[in-house]
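Containing compact mmCIF, C-alpha atoms: coords-v4.txt.
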# COMPACT_ATOMS: atom_id res chain seq x y z
CA MET A 152 -30.00 84.41 -52.03
CA ALA A 153 -27.13 82.18 -53.13
CA GLU A 154 -24.69 84.97 -52.27
CA PHE A 155 -25.88 84.94 -48.63
CA TYR A 156 -25.11 81.23 -48.29
CA GLU A 157 -21.71 81.63 -49.97
CA VAL A 158 -20.75 84.24 -47.38
CA LEU A 159 -22.32 82.20 -44.56
CA VAL A 160 -20.38 79.02 -45.39
CA LYS A 161 -17.11 80.96 -45.25
CA GLU A 162 -18.01 82.61 -41.94
CA LEU A 163 -19.13 79.31 -40.42
CA GLU A 164 -16.02 77.49 -41.56
CA LYS A 165 -13.69 80.17 -40.20
CA ALA A 166 -15.47 80.23 -36.83
CA LEU A 167 -15.69 76.43 -36.60
CA VAL A 168 -11.98 75.94 -37.23
CA LYS A 169 -11.23 78.27 -34.32
CA GLU A 170 -13.90 76.72 -32.09
CA LEU A 171 -12.69 73.17 -32.79
CA TRP A 172 -9.20 74.27 -31.76
CA GLU A 173 -10.48 76.01 -28.59
CA ILE A 174 -12.55 73.01 -27.55
CA ARG A 175 -9.75 70.54 -28.28
CA ARG A 176 -7.48 72.66 -26.07
CA ALA A 177 -10.08 72.86 -23.28
CA ALA A 178 -10.67 69.09 -23.34
CA GLY A 179 -6.97 68.46 -22.80
CA ASP A 180 -6.12 64.76 -22.71
CA GLU A 181 -9.75 63.65 -22.54
CA LYS A 182 -10.91 61.33 -25.33
CA ILE A 183 -13.38 63.14 -27.58
CA TYR A 184 -15.99 60.82 -29.09
CA ALA A 185 -18.59 63.21 -30.54
CA ALA A 186 -19.03 66.72 -31.92
CA ALA A 187 -22.34 68.22 -32.97
CA LEU A 188 -23.38 71.42 -34.62
CA LEU A 189 -26.69 72.40 -33.03
CA THR A 190 -29.25 74.72 -34.60
CA ASP A 191 -32.90 75.51 -33.89
CA SER A 192 -35.94 74.77 -36.03
CA GLY A 193 -35.92 78.34 -37.35
CA CYS A 194 -32.24 78.00 -38.32
CA THR A 195 -31.37 81.30 -36.64
CA SER A 196 -28.67 80.01 -34.32
CA VAL A 197 -25.75 77.61 -34.43
CA SER A 198 -23.56 76.24 -31.63
CA LEU A 199 -20.84 73.63 -31.42
CA TYR A 200 -20.95 70.93 -28.72
CA VAL A 201 -18.34 68.27 -27.99
CA ASN A 202 -18.26 65.45 -25.47
CA THR A 203 -15.58 63.20 -24.07
CA LEU A 204 -15.71 59.73 -22.59
CA GLU A 205 -14.36 61.16 -19.33
CA HIS A 206 -17.11 63.79 -19.09
CA LEU A 207 -19.70 61.16 -19.92
CA SER A 208 -18.38 58.96 -17.12
CA ARG A 209 -18.29 61.87 -14.63
CA THR A 210 -21.86 62.96 -15.34
CA LEU A 211 -23.40 59.51 -15.46
CA GLY A 212 -21.37 57.84 -12.74
CA GLY A 213 -20.54 54.85 -14.91
CA ASN A 214 -24.09 54.44 -16.26
CA ASN A 215 -23.00 55.02 -19.86
CA SER A 216 -26.24 54.21 -21.63
CA ASP A 217 -26.30 54.70 -25.39
CA GLU A 218 -29.15 57.22 -25.09
CA ALA A 219 -27.22 59.40 -22.61
CA LYS A 220 -24.11 59.24 -24.78
CA TRP A 221 -25.84 61.19 -27.54
CA LYS A 222 -27.81 63.70 -25.39
CA ILE A 223 -26.16 66.93 -26.55
CA GLU A 224 -27.48 69.19 -23.78
CA SER A 225 -25.47 67.24 -21.17
CA TRP A 226 -22.18 67.36 -23.08
CA GLY A 227 -19.13 68.86 -21.43
CA TYR A 228 -17.76 71.31 -23.98
CA SER A 229 -19.27 73.97 -26.22
CA ASP A 230 -18.44 77.14 -28.08
CA ARG A 231 -19.93 79.12 -25.18
CA MET A 232 -18.22 77.32 -22.31
CA ASN A 233 -17.01 79.29 -19.31
CA GLY A 234 -19.03 82.33 -20.37
CA ARG A 235 -16.78 83.24 -23.28
CA LYS A 236 -18.23 84.83 -26.40
CA SER A 237 -18.73 82.30 -29.15
CA LEU A 238 -16.81 82.77 -32.35
CA LEU A 239 -20.00 81.59 -34.06
CA ALA A 240 -21.82 84.77 -32.91
CA ARG A 241 -21.27 86.51 -36.27
CA SER A 242 -22.82 83.57 -38.13
CA CYS A 243 -25.79 83.63 -35.73
CA GLN A 244 -26.24 87.36 -36.33
CA MET A 245 -26.17 86.78 -40.08
CA LEU A 246 -28.88 84.12 -39.72
CA LEU A 247 -31.04 86.35 -37.51
CA ASN A 248 -30.75 89.26 -39.96
CA HIS A 249 -31.60 86.98 -42.88
CA ASP A 250 -34.67 85.74 -41.00
CA LYS A 251 -35.79 89.29 -40.15
CA LYS A 252 -35.45 90.37 -43.77
CA ASP A 253 -37.84 87.66 -45.05
CA HIS A 254 -38.96 85.12 -42.46
CA ASN A 255 -40.92 82.89 -44.86
CA GLU A 256 -38.07 82.73 -47.37
CA HIS A 257 -35.60 81.98 -44.57
CA LEU A 258 -37.73 79.03 -43.40
CA ARG A 259 -38.11 77.73 -46.97
CA MET A 260 -34.32 77.72 -47.28
CA ARG A 261 -33.84 75.46 -44.23
CA ASP A 262 -32.44 72.60 -46.31
CA VAL A 263 -29.97 74.96 -47.98
CA PHE A 264 -28.87 76.14 -44.53
CA ILE A 265 -28.34 72.53 -43.38
CA GLU A 266 -26.27 71.78 -46.48
CA THR A 267 -24.31 75.00 -45.94
CA ALA A 268 -23.68 74.17 -42.28
CA ALA A 269 -22.64 70.61 -43.16
CA SER A 270 -20.25 71.87 -45.82
CA ALA A 271 -18.66 74.38 -43.45
CA PHE A 272 -18.46 71.77 -40.67
CA ARG A 273 -16.85 69.23 -42.99
CA ARG A 274 -14.26 71.71 -44.24
CA ALA A 275 -13.48 72.83 -40.67
CA ILE A 276 -13.09 69.20 -39.54
CA LEU A 277 -10.65 68.57 -42.39
CA LYS A 278 -8.63 71.64 -41.41
CA HIS A 279 -8.70 70.97 -37.67
CA PRO A 280 -9.83 67.44 -36.73
CA LEU A 281 -10.43 66.80 -33.05
CA THR A 282 -8.32 63.62 -33.08
CA ALA A 283 -5.56 62.11 -35.18
CA ASP A 284 -7.87 59.31 -36.33
CA PRO A 285 -11.02 60.80 -37.91
CA ASP A 286 -12.99 57.65 -37.04
CA ASP A 287 -12.53 58.31 -33.30
CA VAL A 288 -15.11 61.13 -33.39
CA THR A 289 -18.69 61.04 -34.63
CA TYR A 290 -19.68 64.37 -36.19
CA PHE A 291 -23.29 65.37 -36.86
CA ILE A 292 -25.81 68.24 -36.96
CA SER A 293 -28.91 68.37 -34.79
CA ILE A 294 -31.92 70.59 -34.11
CA SER A 295 -32.64 71.55 -30.52
CA ASP A 296 -36.40 72.00 -30.78
CA SER A 297 -37.72 69.55 -33.34
CA ASP A 298 -39.07 66.02 -33.41
CA GLY A 299 -37.11 65.55 -36.64
CA ALA A 300 -33.73 65.85 -34.89
CA LYS A 301 -32.83 62.18 -35.20
CA ARG A 302 -33.52 62.18 -38.95
CA LEU A 303 -31.24 65.22 -39.40
CA GLU A 304 -28.58 63.66 -37.18
CA ASN A 305 -28.55 60.51 -39.31
CA PHE A 306 -28.55 62.46 -42.58
CA SER A 307 -25.72 64.77 -41.52
CA SER A 308 -23.69 61.97 -39.93
CA LYS A 309 -23.67 60.22 -43.27
CA MET A 310 -22.22 63.36 -44.89
CA LEU A 311 -19.62 64.07 -42.20
CA ASN A 312 -18.21 60.66 -41.27
CA SER A 313 -16.77 57.51 -42.79
CA LYS A 314 -19.20 54.74 -43.66
CA ALA A 315 -18.12 52.68 -40.60
CA VAL A 316 -18.70 55.58 -38.18
CA TYR A 317 -22.04 56.46 -39.75
CA LYS A 318 -23.30 52.86 -39.60
CA GLU A 319 -22.41 52.61 -35.92
CA PHE A 320 -24.06 55.99 -35.14
CA PHE A 321 -27.20 54.97 -37.04
CA LYS A 322 -27.65 52.02 -34.62
CA ARG A 323 -27.94 54.26 -31.54
CA ALA A 324 -31.09 54.25 -29.40
Structure encoded using structure tokens:
Amino acid sequence: MAEFYEVLVKELEKALVKELWEIRRAAGDEKIYAAALLTDSGCTSVSLYVNTLEHLSRTLGGNNSDEAKWKIESWGYSDRMNGRKSLLARSCQMLLNHDKKDHNEHLRMRDVFIETAASAFRRAILKHPLTADPDDVTYFISISDSDGAKRLENFSSKMLNSKAVYKEFFKRA
């Protein structure tokens, strides 16, 4: 079991470094303020989403409420933008195969997956940060289909950001 997560963390990190670079390039001169790794409650998928202040302003027409700022599904950039194949596809396939092999064991290992994903995300951020100042971007992990998303977001934000960034993120609506 541990061997699976050792391989997964390497695959995730490699894919995330490339995806961070691709998204940074696609965002151009826009000011990135957030990046989130999104999974599902079964931990069988993983996607990277990023948003910029400019995209936030375009989509909300100046109504930049704190709640809208953190609504991942309306963010402007992702690993699957413009119909391209995600570099995270191999990691997703690994997770699906692991789940098919032993669904109950896969679900029991959810916390290990979250720690693995956070470790890979952190290492990728260190290798390819989205901005020159790491405190300009809030990084976190979320779950797309769970009422416990905010708890995971807070927990992962604490692992991925400086204390000042985490404290500010924790105050969100």
For each of A:Val197, A:Ile223, A:Leu303, A:Ala269, take the minimum atom-to-atom distance to A:Ser242, counting all atoms listed in the file, then give the residue where this is smallest.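 Closest to A:Ser242 of all the choices is A:Val197.
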Show which residues sit within 7 Å of A:Tyr184, as a list in words. Count all atoms listed in the file, and ignore same-chain residues fewer than 3 positions away.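 Non-adjacent residues within range: Asn202, Thr203, Leu204, Asp287, Val288 and Thr289 of chain A.
In this model, the gap between atom CA of A:Gln244 and atom CA of A:Lys278 comes to 24.1 Å.
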List as a PDB file with C-alpha atoms, in the frame of the given file: which residues have an atom within 10 Å of (-10.5, 68.8, -33.5), counting only C-alpha atoms?
ATOM      1  CA  LEU A 167     -15.690  76.430 -36.600  1.00  0.00           C
ATOM      2  CA  VAL A 168     -11.980  75.940 -37.230  1.00  0.00           C
ATOM      3  CA  LYS A 169     -11.230  78.270 -34.320  1.00  0.00           C
ATOM      4  CA  GLU A 170     -13.900  76.720 -32.090  1.00  0.00           C
ATOM      5  CA  LEU A 171     -12.690  73.170 -32.790  1.00  0.00           C
ATOM      6  CA  TRP A 172      -9.200  74.270 -31.760  1.00  0.00           C
ATOM      7  CA  GLU A 173     -10.480  76.010 -28.590  1.00  0.00           C
ATOM      8  CA  ILE A 174     -12.550  73.010 -27.550  1.00  0.00           C
ATOM      9  CA  ARG A 175      -9.750  70.540 -28.280  1.00  0.00           C
ATOM     10  CA  ARG A 176      -7.480  72.660 -26.070  1.00  0.00           C
ATOM     11  CA  ILE A 183     -13.380  63.140 -27.580  1.00  0.00           C
ATOM     12  CA  ALA A 186     -19.030  66.720 -31.920  1.00  0.00           C
ATOM     13  CA  VAL A 201     -18.340  68.270 -27.990  1.00  0.00           C
ATOM     14  CA  ALA A 275     -13.480  72.830 -40.670  1.00  0.00           C
ATOM     15  CA  ILE A 276     -13.090  69.200 -39.540  1.00  0.00           C
ATOM     16  CA  LEU A 277     -10.650  68.570 -42.390  1.00  0.00           C
ATOM     17  CA  LYS A 278      -8.630  71.640 -41.410  1.00  0.00           C
ATOM     18  CA  HIS A 279      -8.700  70.970 -37.670  1.00  0.00           C
ATOM     19  CA  PRO A 280      -9.830  67.440 -36.730  1.00  0.00           C
ATOM     20  CA  LEU A 281     -10.430  66.800 -33.050  1.00  0.00           C
ATOM     21  CA  THR A 282      -8.320  63.620 -33.080  1.00  0.00           C
ATOM     22  CA  ALA A 283      -5.560  62.110 -35.180  1.00  0.00           C
ATOM     23  CA  PRO A 285     -11.020  60.800 -37.910  1.00  0.00           C
ATOM     24  CA  VAL A 288     -15.110  61.130 -33.390  1.00  0.00           C
TER      25      VAL A 288
END
What is the distance, in Å and to one decimal place, between atom CA of A:Gly179 and atom CA of A:Asn233? 15.2 Å
Set the distance at 12 Å and use all atoms listed in the file: which residues neighbour A:Arg323 once local chain neighbours fewer than 6 positions away are removed? I'd like the list as a list in words. Ser216, Asp217, Glu218, Ala219, Lys220, Trp221, Lys222, Thr289, Lys301, Glu304, Asn305, Val316 and Tyr317 of chain A
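Here atom CA of A:Val158 stands at a distance of 10.8 Å from atom CA of A:Ala271.
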From the options A:Thr195, A:Ser295, A:Ala166, A:Leu189, which residue's atoms come nearest to A:Met260, counting all atoms listed in the file? A:Thr195
Rank A:Leu246, A:Ala300, A:Ala315, A:Ala268 by their smallest atom-to-atom distance to A:Gly193, using only C-alpha atoms, and report the top residue only.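 Selected residue with least distance to A:Gly193: A:Leu246.
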